[in-house]
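Below you'll find the structure, written out as structure tokens, and then a few comments.
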Amino acid sequence: MTSVRSAVLWPEGHQLSIETLELEEPRENEVLVKIVATGICHTDMVLRDTGAAAAPVVLGHEGAGIVERVGAAVSGYQPGDRVAVSFSSCGTCPSCENEAPSYCNDFFLLNFFGNRPDGSSSLSKGDLAIRSHVFGQSSFSSHIVCPASNLVKVDEAVPLELVGPFGCGFQTGAGAVLNSLNVAKGASVMVLGAGAVGMSAIMAAAHIAEAATVIAVDIKDARLELATAVGATHILNGAVDDFDAAVREICPQGVDYIIDTTGIVAVIEPCVALLAAQGVLGLVAAYEPGATFTFDLLSVMTGGRRIQGVMEGDTDIKTFIPALLEHYKQGRFPVDKIVRYYDFEEINTAIADSESGDTIKAIVKM
């Protein structure tokens, strides 16, 4: 057992409490990682509020750190390796074998429920089990035990404290552009919501895919101003602008690609009509279970338009995260412009600032 400090969500609680817990040694296919920093993601708050991972639980799934110990069956990693920690997948289902691990048949079981597939946890406080393995990691902790398949090595050229969100939020936004929608050079892109995922999509569209028109939509002017700084060619405040007319003025024939990161049905619904012929609407947000929206079926059919779901940016983490880190190093993915760092003891402030929108991407440093 290793003594660790973890931010625990207790039953009936809303704030996280930093506690001293015991962490099991890694099993044969697992790795023990000392966490250097971890991002705050909206999905952590969804898990908190829905109870999908029943409390007491340690949340967090955008970890980055240094390998300390490896299980007996682990190859390719050794103590001292710098790693990003991403989502879990089974590696054997048809999706995984087709290099689409974000659509793993066991994705929900492995990532959302707060335990290993056999129901066990790696964390405890005395005789009380504390749920772990959220996204295989539960990175709101000084140390974690996770499957080796969750890890991606990170070279010395990238600040390790910045790396965690590449395992979820950053790769989701960028992957939606580069993988899921495969945005064409010179195309038009509209991103609904200028949070961390939206900003990542804007950067990828502007600087990597080389879209000609990149429209950022939000209701916070400060976010829109920053969106311009990271690549947006046009900005629209959805709360004050005559939205449809403003979009049509920029793209008279409609928008080639629209990416929703808001999860708000009232925002998404009118946008189907704003798609160009053969345009694609990518659904990227954490939508409420059972949420629906309506659209004109004839318009979608006759225009060859598509509505596409996106999980984790359709990424294979072993190849996409290193590629995205290389774009960062070359200045094409300037995510350091949207992050704000907090000490571990400030984790509840970091969460509150993320939920209010005052911080785009909060990263907690251990």
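Every chain in the structure tokens has a letter given in the order shown (A, B, ...), and although residue numbers restart at 1 in each chain, ligands are simply numbered from 1 in the order shown.
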Problem set entry | Neighbour list for Ile351 in chain A as a list in words, cut-off 10 Å, only C-alpha atoms, skip fewer than 2 positions in-chain |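 Skipping anything fewer than 2 positions along the chain leaves Gln15, Leu16, Gly39, Ile40, Cys41, His42, Asp44, Met45, Glu346, Ile347, Asn348, Thr349, Asp353, Ser354, Glu355, Ser356, Gly357, Thr359, Lys361, Ala362, Ile363 and Val364 of chain A.
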Problem set entry | Neighbour list for range 211-227 of chain A as a list in words, cut-off 8 Å, only C-alpha atoms, skip fewer than 6 positions in-chain | Val183, Ala184, Lys185, Gly186, Ala187, Ser188, Val189, Met190, Val191, Leu192, Gly193, Ala194, Gly195, Met199, Ile202, Ala205, Thr233, His234, Ile235, Leu236, Asn237, Gly238 and Ala239 of chain A
For this session: List the neighbours of His207 in chain A out to 8 Å using only C-alpha atoms; skip same-chain residues closer than 2 positions along the sequence, and give me the result as a ChimeraX atom specification.
Result: /A:203-205,209-211,231,332-333
For this session: Tell me which protein, DNA and RNA residues are within 6 Å of Val280 in chain A, counting only C-alpha atoms, leaving out same-chain ones fewer than 5 positions away, and put them as a list in words.
Result: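 Once the adjacent positions are removed, what remains is Tyr257, Arg305, Arg306 and Ile307 of chain A.
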Can those selected residues be exported to a file as a PDB file, in the first residue's frame so that it contains N, CA and C atoms?
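Result file follows (result14.pdb):
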```pdb
ATOM      1  N   TYR A 257     -19.066  22.769 -41.637  1.00  0.00           N
ATOM      2  CA  TYR A 257     -18.957  21.928 -40.441  1.00  0.00           C
ATOM      3  C   TYR A 257     -19.370  22.747 -39.217  1.00  0.00           C
ATOM      4  N   ARG A 305     -26.858  16.228 -45.863  1.00  0.00           N
ATOM      5  CA  ARG A 305     -26.296  16.697 -44.598  1.00  0.00           C
ATOM      6  C   ARG A 305     -26.198  15.529 -43.605  1.00  0.00           C
ATOM      7  N   ARG A 306     -25.279  15.659 -42.643  1.00  0.00           N
ATOM      8  CA  ARG A 306     -25.075  14.592 -41.678  1.00  0.00           C
ATOM      9  C   ARG A 306     -25.055  15.136 -40.259  1.00  0.00           C
ATOM     10  N   ILE A 307     -25.522  14.322 -39.336  1.00  0.00           N
ATOM     11  CA  ILE A 307     -25.427  14.616 -37.908  1.00  0.00           C
ATOM     12  C   ILE A 307     -24.613  13.477 -37.300  1.00  0.00           C
TER      13      ILE A 307
END
```
Exercise. Within 10 Å of Phe87 in chain A, counting only C-alpha atoms, which residues qualify if same-chain residues fewer than 6 places away don't, as a VMD selection string?
Worked result: chain A and resid 61 to 62 101 to 102 107 110 to 111 133 to 137 146 to 147 149 to 151 167 to 168 312 317
Would you export the selected residues with all heavy atoms as a short mmCIF file (atom, residue, chain, number, x, y, z; two decimals), in the first residue's frame, please?
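And here is the file that came out, out26.cif:
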```
data_model
loop_
_atom_site.label_atom_id
_atom_site.label_comp_id
_atom_site.auth_asym_id
_atom_site.auth_seq_id
_atom_site.Cartn_x
_atom_site.Cartn_y
_atom_site.Cartn_z
N HIS A 61 -9.90 12.78 -14.59
CA HIS A 61 -9.51 11.91 -15.70
C HIS A 61 -8.65 12.62 -16.75
O HIS A 61 -8.63 12.21 -17.91
CB HIS A 61 -10.75 11.30 -16.36
CG HIS A 61 -11.67 12.31 -16.98
ND1 HIS A 61 -12.62 12.99 -16.27
CD2 HIS A 61 -11.78 12.74 -18.26
CE1 HIS A 61 -13.28 13.80 -17.08
NE2 HIS A 61 -12.77 13.67 -18.30
N GLU A 62 -7.95 13.66 -16.34
CA GLU A 62 -7.01 14.32 -17.25
C GLU A 62 -5.64 14.42 -16.57
O GLU A 62 -5.06 15.48 -16.44
CB GLU A 62 -7.52 15.71 -17.64
CG GLU A 62 -8.75 15.68 -18.52
CD GLU A 62 -9.16 17.06 -19.03
OE1 GLU A 62 -8.76 18.08 -18.42
OE2 GLU A 62 -9.89 17.12 -20.02
N PRO A 101 -10.91 3.03 -30.28
CA PRO A 101 -11.12 2.69 -28.87
C PRO A 101 -12.10 3.58 -28.15
O PRO A 101 -12.65 3.17 -27.12
CB PRO A 101 -9.71 2.81 -28.28
CG PRO A 101 -8.99 3.76 -29.18
CD PRO A 101 -9.52 3.46 -30.55
N SER A 102 -12.36 4.78 -28.64
CA SER A 102 -13.34 5.64 -27.95
C SER A 102 -14.76 5.13 -28.11
O SER A 102 -15.67 5.60 -27.42
CB SER A 102 -13.24 7.09 -28.46
OG SER A 102 -13.55 7.18 -29.84
N PHE A 107 -16.95 0.90 -22.98
CA PHE A 107 -16.47 2.24 -22.62
C PHE A 107 -17.08 2.72 -21.30
O PHE A 107 -16.37 3.22 -20.42
CB PHE A 107 -16.77 3.24 -23.74
CG PHE A 107 -16.10 4.57 -23.53
CD1 PHE A 107 -14.84 4.81 -24.05
CD2 PHE A 107 -16.71 5.59 -22.80
CE1 PHE A 107 -14.20 6.03 -23.86
CE2 PHE A 107 -16.08 6.81 -22.59
CZ PHE A 107 -14.83 7.02 -23.12
N LEU A 110 -15.79 0.77 -18.22
CA LEU A 110 -14.38 0.99 -17.90
C LEU A 110 -14.09 2.42 -17.46
O LEU A 110 -13.05 2.66 -16.82
CB LEU A 110 -13.52 0.66 -19.12
CG LEU A 110 -13.51 -0.79 -19.57
CD1 LEU A 110 -12.77 -0.93 -20.89
CD2 LEU A 110 -12.89 -1.68 -18.51
N ASN A 111 -14.97 3.37 -17.77
CA ASN A 111 -14.63 4.77 -17.55
C ASN A 111 -15.53 5.51 -16.56
O ASN A 111 -15.07 6.43 -15.89
CB ASN A 111 -14.63 5.51 -18.89
CG ASN A 111 -13.49 5.08 -19.79
OD1 ASN A 111 -12.37 5.50 -19.62
ND2 ASN A 111 -13.79 4.20 -20.74
N HIS A 133 -10.53 4.46 -10.35
CA HIS A 133 -10.55 4.06 -11.75
C HIS A 133 -11.62 4.77 -12.57
O HIS A 133 -12.14 4.21 -13.54
CB HIS A 133 -10.70 2.53 -11.89
CG HIS A 133 -9.42 1.79 -11.61
ND1 HIS A 133 -8.90 1.66 -10.35
CD2 HIS A 133 -8.56 1.15 -12.44
CE1 HIS A 133 -7.77 0.97 -10.39
NE2 HIS A 133 -7.53 0.65 -11.66
N VAL A 134 -11.98 6.00 -12.20
CA VAL A 134 -12.78 6.83 -13.10
C VAL A 134 -11.94 7.10 -14.33
O VAL A 134 -10.81 7.59 -14.23
CB VAL A 134 -13.21 8.14 -12.41
CG1 VAL A 134 -13.82 9.11 -13.41
CG2 VAL A 134 -14.19 7.84 -11.28
N PHE A 135 -12.45 6.76 -15.49
CA PHE A 135 -11.67 6.77 -16.74
C PHE A 135 -10.37 5.97 -16.57
O PHE A 135 -9.34 6.29 -17.15
CB PHE A 135 -11.37 8.20 -17.19
CG PHE A 135 -12.52 8.85 -17.91
CD1 PHE A 135 -13.66 9.27 -17.23
CD2 PHE A 135 -12.48 9.04 -19.28
CE1 PHE A 135 -14.73 9.85 -17.88
CE2 PHE A 135 -13.55 9.64 -19.95
CZ PHE A 135 -14.68 10.04 -19.25
N GLY A 136 -10.44 4.95 -15.72
CA GLY A 136 -9.27 4.13 -15.48
C GLY A 136 -8.24 4.75 -14.58
O GLY A 136 -7.22 4.13 -14.29
N GLN A 137 -8.47 6.00 -14.08
CA GLN A 137 -7.39 6.69 -13.39
C GLN A 137 -7.76 7.36 -12.08
O GLN A 137 -7.02 7.26 -11.11
CB GLN A 137 -6.74 7.72 -14.33
CG GLN A 137 -7.72 8.71 -14.98
CD GLN A 137 -7.02 9.68 -15.92
OE1 GLN A 137 -6.33 10.59 -15.50
NE2 GLN A 137 -7.23 9.47 -17.22
N CYS A 146 -3.36 2.70 -12.69
CA CYS A 146 -4.20 2.66 -13.89
C CYS A 146 -3.68 1.60 -14.84
O CYS A 146 -2.53 1.16 -14.74
CB CYS A 146 -4.21 4.03 -14.58
SG CYS A 146 -2.64 4.46 -15.37
N PRO A 147 -4.51 1.15 -15.79
CA PRO A 147 -4.04 0.21 -16.80
C PRO A 147 -2.93 0.83 -17.64
O PRO A 147 -2.97 2.02 -17.97
CB PRO A 147 -5.28 -0.05 -17.65
CG PRO A 147 -6.43 0.30 -16.78
CD PRO A 147 -5.96 1.43 -15.92
N SER A 149 -2.51 0.48 -20.63
CA SER A 149 -3.07 0.88 -21.92
C SER A 149 -3.60 2.30 -21.92
O SER A 149 -3.85 2.88 -22.98
CB SER A 149 -4.20 -0.08 -22.32
OG SER A 149 -5.20 -0.13 -21.30
N ASN A 150 -3.77 2.91 -20.73
CA ASN A 150 -4.22 4.31 -20.64
C ASN A 150 -3.10 5.31 -20.91
O ASN A 150 -3.37 6.50 -21.07
CB ASN A 150 -4.73 4.61 -19.22
CG ASN A 150 -6.11 4.07 -18.95
OD1 ASN A 150 -6.36 2.90 -19.15
ND2 ASN A 150 -7.00 4.91 -18.46
N LEU A 151 -1.86 4.86 -20.94
CA LEU A 151 -0.72 5.78 -20.89
C LEU A 151 -0.17 6.10 -22.27
O LEU A 151 -0.19 5.28 -23.18
CB LEU A 151 0.40 5.17 -20.05
CG LEU A 151 0.06 4.81 -18.60
CD1 LEU A 151 1.28 4.23 -17.91
CD2 LEU A 151 -0.47 6.02 -17.84
N GLY A 167 -5.33 14.33 -22.79
CA GLY A 167 -5.93 13.01 -22.69
C GLY A 167 -7.43 13.00 -22.77
O GLY A 167 -8.04 11.92 -22.87
N CYS A 168 -8.07 14.18 -22.74
CA CYS A 168 -9.53 14.23 -22.88
C CYS A 168 -9.98 15.49 -23.61
O CYS A 168 -10.23 15.47 -24.79
CB CYS A 168 -10.21 14.12 -21.51
SG CYS A 168 -12.02 14.00 -21.64
N GLU A 312 -14.54 11.41 -27.58
CA GLU A 312 -13.10 11.56 -27.40
C GLU A 312 -12.37 11.91 -28.70
O GLU A 312 -11.21 11.56 -28.91
CB GLU A 312 -12.49 10.29 -26.79
CG GLU A 312 -12.93 10.01 -25.37
CD GLU A 312 -12.31 10.92 -24.32
OE1 GLU A 312 -11.36 11.67 -24.67
OE2 GLU A 312 -12.77 10.90 -23.16
N ILE A 317 -5.40 6.99 -28.78
CA ILE A 317 -4.54 7.84 -27.96
C ILE A 317 -3.06 7.63 -28.22
O ILE A 317 -2.26 8.56 -28.09
CB ILE A 317 -4.84 7.66 -26.46
CG1 ILE A 317 -4.50 6.24 -25.98
CG2 ILE A 317 -6.29 8.02 -26.16
CD1 ILE A 317 -4.60 6.06 -24.48
#
```
Kindly provide the residues of range 138-177 of chain A that approach range 261-276 of chain A to within 12 Å, each paired with its closest atom pair and their distance in Å to one decimal, based on only C-alpha atoms, listed by chain and increasing number, as a Markdown table.
```
| residue | atom | partner | partner_atom | distance |
| --- | --- | --- | --- | --- |
| A:Gly169 | CA | A:Thr261 | CA | 10.6 |
| A:Thr172 | CA | A:Thr261 | CA | 9.9 |
| A:Gly173 | CA | A:Thr261 | CA | 8.4 |
| A:Ala174 | CA | A:Thr261 | CA | 12.0 |
| A:Ala176 | CA | A:Thr261 | CA | 10.3 |
```
Exercise. CA of Ala37 in chain A and CA of Leu109 in chain A are how many Å apart?
Worked result: 25.1 Å
Problem set entry | Option closest in space to Ser142 in chain A, from A:Asp81, A:Glu12, A:Glu68, A:Asp118 [counting only C-alpha atoms] |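 Residue with the minimum atom-to-atom distance to Ser142 in chain A: A:Glu68.
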Exercise. So which one's closest to Ala64 in chain A, A:Leu281, A:Ala286, A:Met366, A:Ile130? Using only C-alpha atoms, please.
Worked result: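 Smallest distance to Ala64 in chain A is found for A:Met366.
Comparing A:Val58, A:Tyr103, A:Ile208, A:Tyr342 by their smallest distance to Asp314 in chain A, the closest is A:Tyr103 (using only C-alpha atoms).
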Exercise. Which residues come within 12 Å of range 75-77 of chain A, counting only C-alpha atoms, excluding same-chain residues fewer than 4 positions away, as an MDAnalysis selection string?
Worked result: chainID A and resid 28:33 66:71 81:83 147:154
So that I can check the secondary structure, give me every residue of range 11-73 of chain A assigned strand (DSSP E or B) by backbone DSSP, as an mmCIF file with C-alpha atoms, in the first residue's frame.
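What landed in selection.cif:
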```cif
data_model
loop_
_atom_site.group_PDB
_atom_site.id
_atom_site.type_symbol
_atom_site.label_atom_id
_atom_site.label_comp_id
_atom_site.auth_asym_id
_atom_site.auth_seq_id
_atom_site.Cartn_x
_atom_site.Cartn_y
_atom_site.Cartn_z
ATOM 1 C CA SER A 17 -12.443 16.851 0.634
ATOM 2 C CA ILE A 18 -8.688 16.230 0.507
ATOM 3 C CA GLU A 19 -7.999 13.055 2.472
ATOM 4 C CA THR A 20 -5.126 10.692 3.157
ATOM 5 C CA LEU A 21 -5.967 7.332 1.571
ATOM 6 C CA GLU A 22 -4.261 4.024 0.903
ATOM 7 C CA LEU A 23 -3.508 3.026 -2.677
ATOM 8 C CA GLU A 30 -1.293 -1.758 -14.198
ATOM 9 C CA VAL A 31 1.104 1.097 -13.531
ATOM 10 C CA LEU A 32 1.514 3.342 -10.494
ATOM 11 C CA VAL A 33 1.877 6.979 -11.569
ATOM 12 C CA LYS A 34 2.798 9.987 -9.453
ATOM 13 C CA ILE A 35 0.455 12.724 -10.691
ATOM 14 C CA VAL A 36 2.089 16.071 -11.448
ATOM 15 C CA ALA A 37 -1.075 17.856 -12.581
ATOM 16 C CA THR A 38 -4.610 17.080 -13.700
ATOM 17 C CA GLY A 39 -7.185 18.983 -15.695
ATOM 18 C CA VAL A 57 -15.264 8.330 -5.086
ATOM 19 C CA VAL A 58 -12.170 10.086 -6.390
ATOM 20 C CA GLY A 63 -3.899 13.251 -15.358
ATOM 21 C CA ALA A 64 -0.232 13.567 -16.243
ATOM 22 C CA GLY A 65 2.711 12.404 -14.212
ATOM 23 C CA ILE A 66 5.710 10.139 -13.763
ATOM 24 C CA VAL A 67 5.718 6.358 -13.642
ATOM 25 C CA GLU A 68 6.905 5.009 -10.277
ATOM 26 C CA ARG A 69 6.143 1.270 -10.473
ATOM 27 C CA VAL A 70 4.880 -1.156 -13.102
#
```
Problem set entry | Pick from A:Pro117, A:Gly331, A:Pro159, A:Gly254, whichever lies nearest to Gly303 in chain A using only C-alpha atoms |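 Once distances to Gly303 in chain A are computed over only C-alpha atoms, the minimum belongs to A:Gly254.
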For this session: Rank A:Val158, A:Ala129, A:Cys93, A:Ile250 by their smallest atom-to-atom distance to Asp336 in chain A, using only C-alpha atoms, and report the top residue only.
Result: A:Val158
Contacts of Met1 in chain A within 10 Å, only C-alpha atoms, excl. fewer than 3 positions in-chain, as a tab-separated table (two decimals) with N, CA, C and O atoms, in the first residue's frame:
```tsv
chain	number	residue	atom	x	y	z
A	4	VAL	N	-1.49	8.11	0.00
A	4	VAL	CA	-1.68	9.16	-1.02
A	4	VAL	C	-2.64	10.22	-0.51
A	4	VAL	O	-3.39	9.99	0.44
A	21	LEU	N	-5.42	8.65	1.88
A	21	LEU	CA	-5.97	7.33	1.57
A	21	LEU	C	-4.83	6.33	1.36
A	21	LEU	O	-3.66	6.71	1.30
A	22	GLU	N	-5.22	5.07	1.23
A	22	GLU	CA	-4.26	4.02	0.90
A	22	GLU	C	-4.52	3.57	-0.53
A	22	GLU	O	-5.67	3.35	-0.93
A	23	LEU	N	-3.43	3.44	-1.28
A	23	LEU	CA	-3.51	3.03	-2.68
A	23	LEU	C	-2.85	1.66	-2.83
A	23	LEU	O	-1.71	1.46	-2.42
A	24	GLU	N	-3.56	0.74	-3.46
A	24	GLU	CA	-3.01	-0.60	-3.71
A	24	GLU	C	-1.81	-0.54	-4.64
A	24	GLU	O	-1.67	0.37	-5.46
A	25	GLU	N	-0.98	-1.56	-4.55
A	25	GLU	CA	0.10	-1.74	-5.53
A	25	GLU	C	-0.51	-2.09	-6.88
A	25	GLU	O	-1.61	-2.66	-6.96
A	26	PRO	N	0.16	-1.75	-7.97
A	26	PRO	CA	-0.40	-2.06	-9.29
A	26	PRO	C	-0.51	-3.56	-9.53
A	26	PRO	O	0.36	-4.34	-9.14
A	122	SER	N	-8.96	0.55	-6.12
A	122	SER	CA	-7.56	0.56	-5.67
A	122	SER	C	-7.35	1.47	-4.46
A	122	SER	O	-6.27	1.49	-3.90
A	123	LEU	N	-8.40	2.21	-4.06
A	123	LEU	CA	-8.28	3.18	-2.97
A	123	LEU	C	-9.11	2.76	-1.76
A	123	LEU	O	-10.18	2.17	-1.91
A	124	SER	N	-8.62	3.12	-0.59
A	124	SER	CA	-9.39	2.83	0.63
A	124	SER	C	-8.98	3.82	1.72
A	124	SER	O	-7.91	4.43	1.67
```
Exercise. Tell me, which residues of range 153-323 of chain A carry DSSP alpha helix (DSSP H), written as a ChimeraX atom specification?
Worked result: /A:160-163,169-175,196-203,221-230,243-250,265-268,297-302,317-323
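When only C-alpha atoms are used to compute distances to Ala54 in chain A, the closest of the residues A:Asn105, A:Asn115, A:Ser86, A:Ser95 turns out to be A:Asn115.
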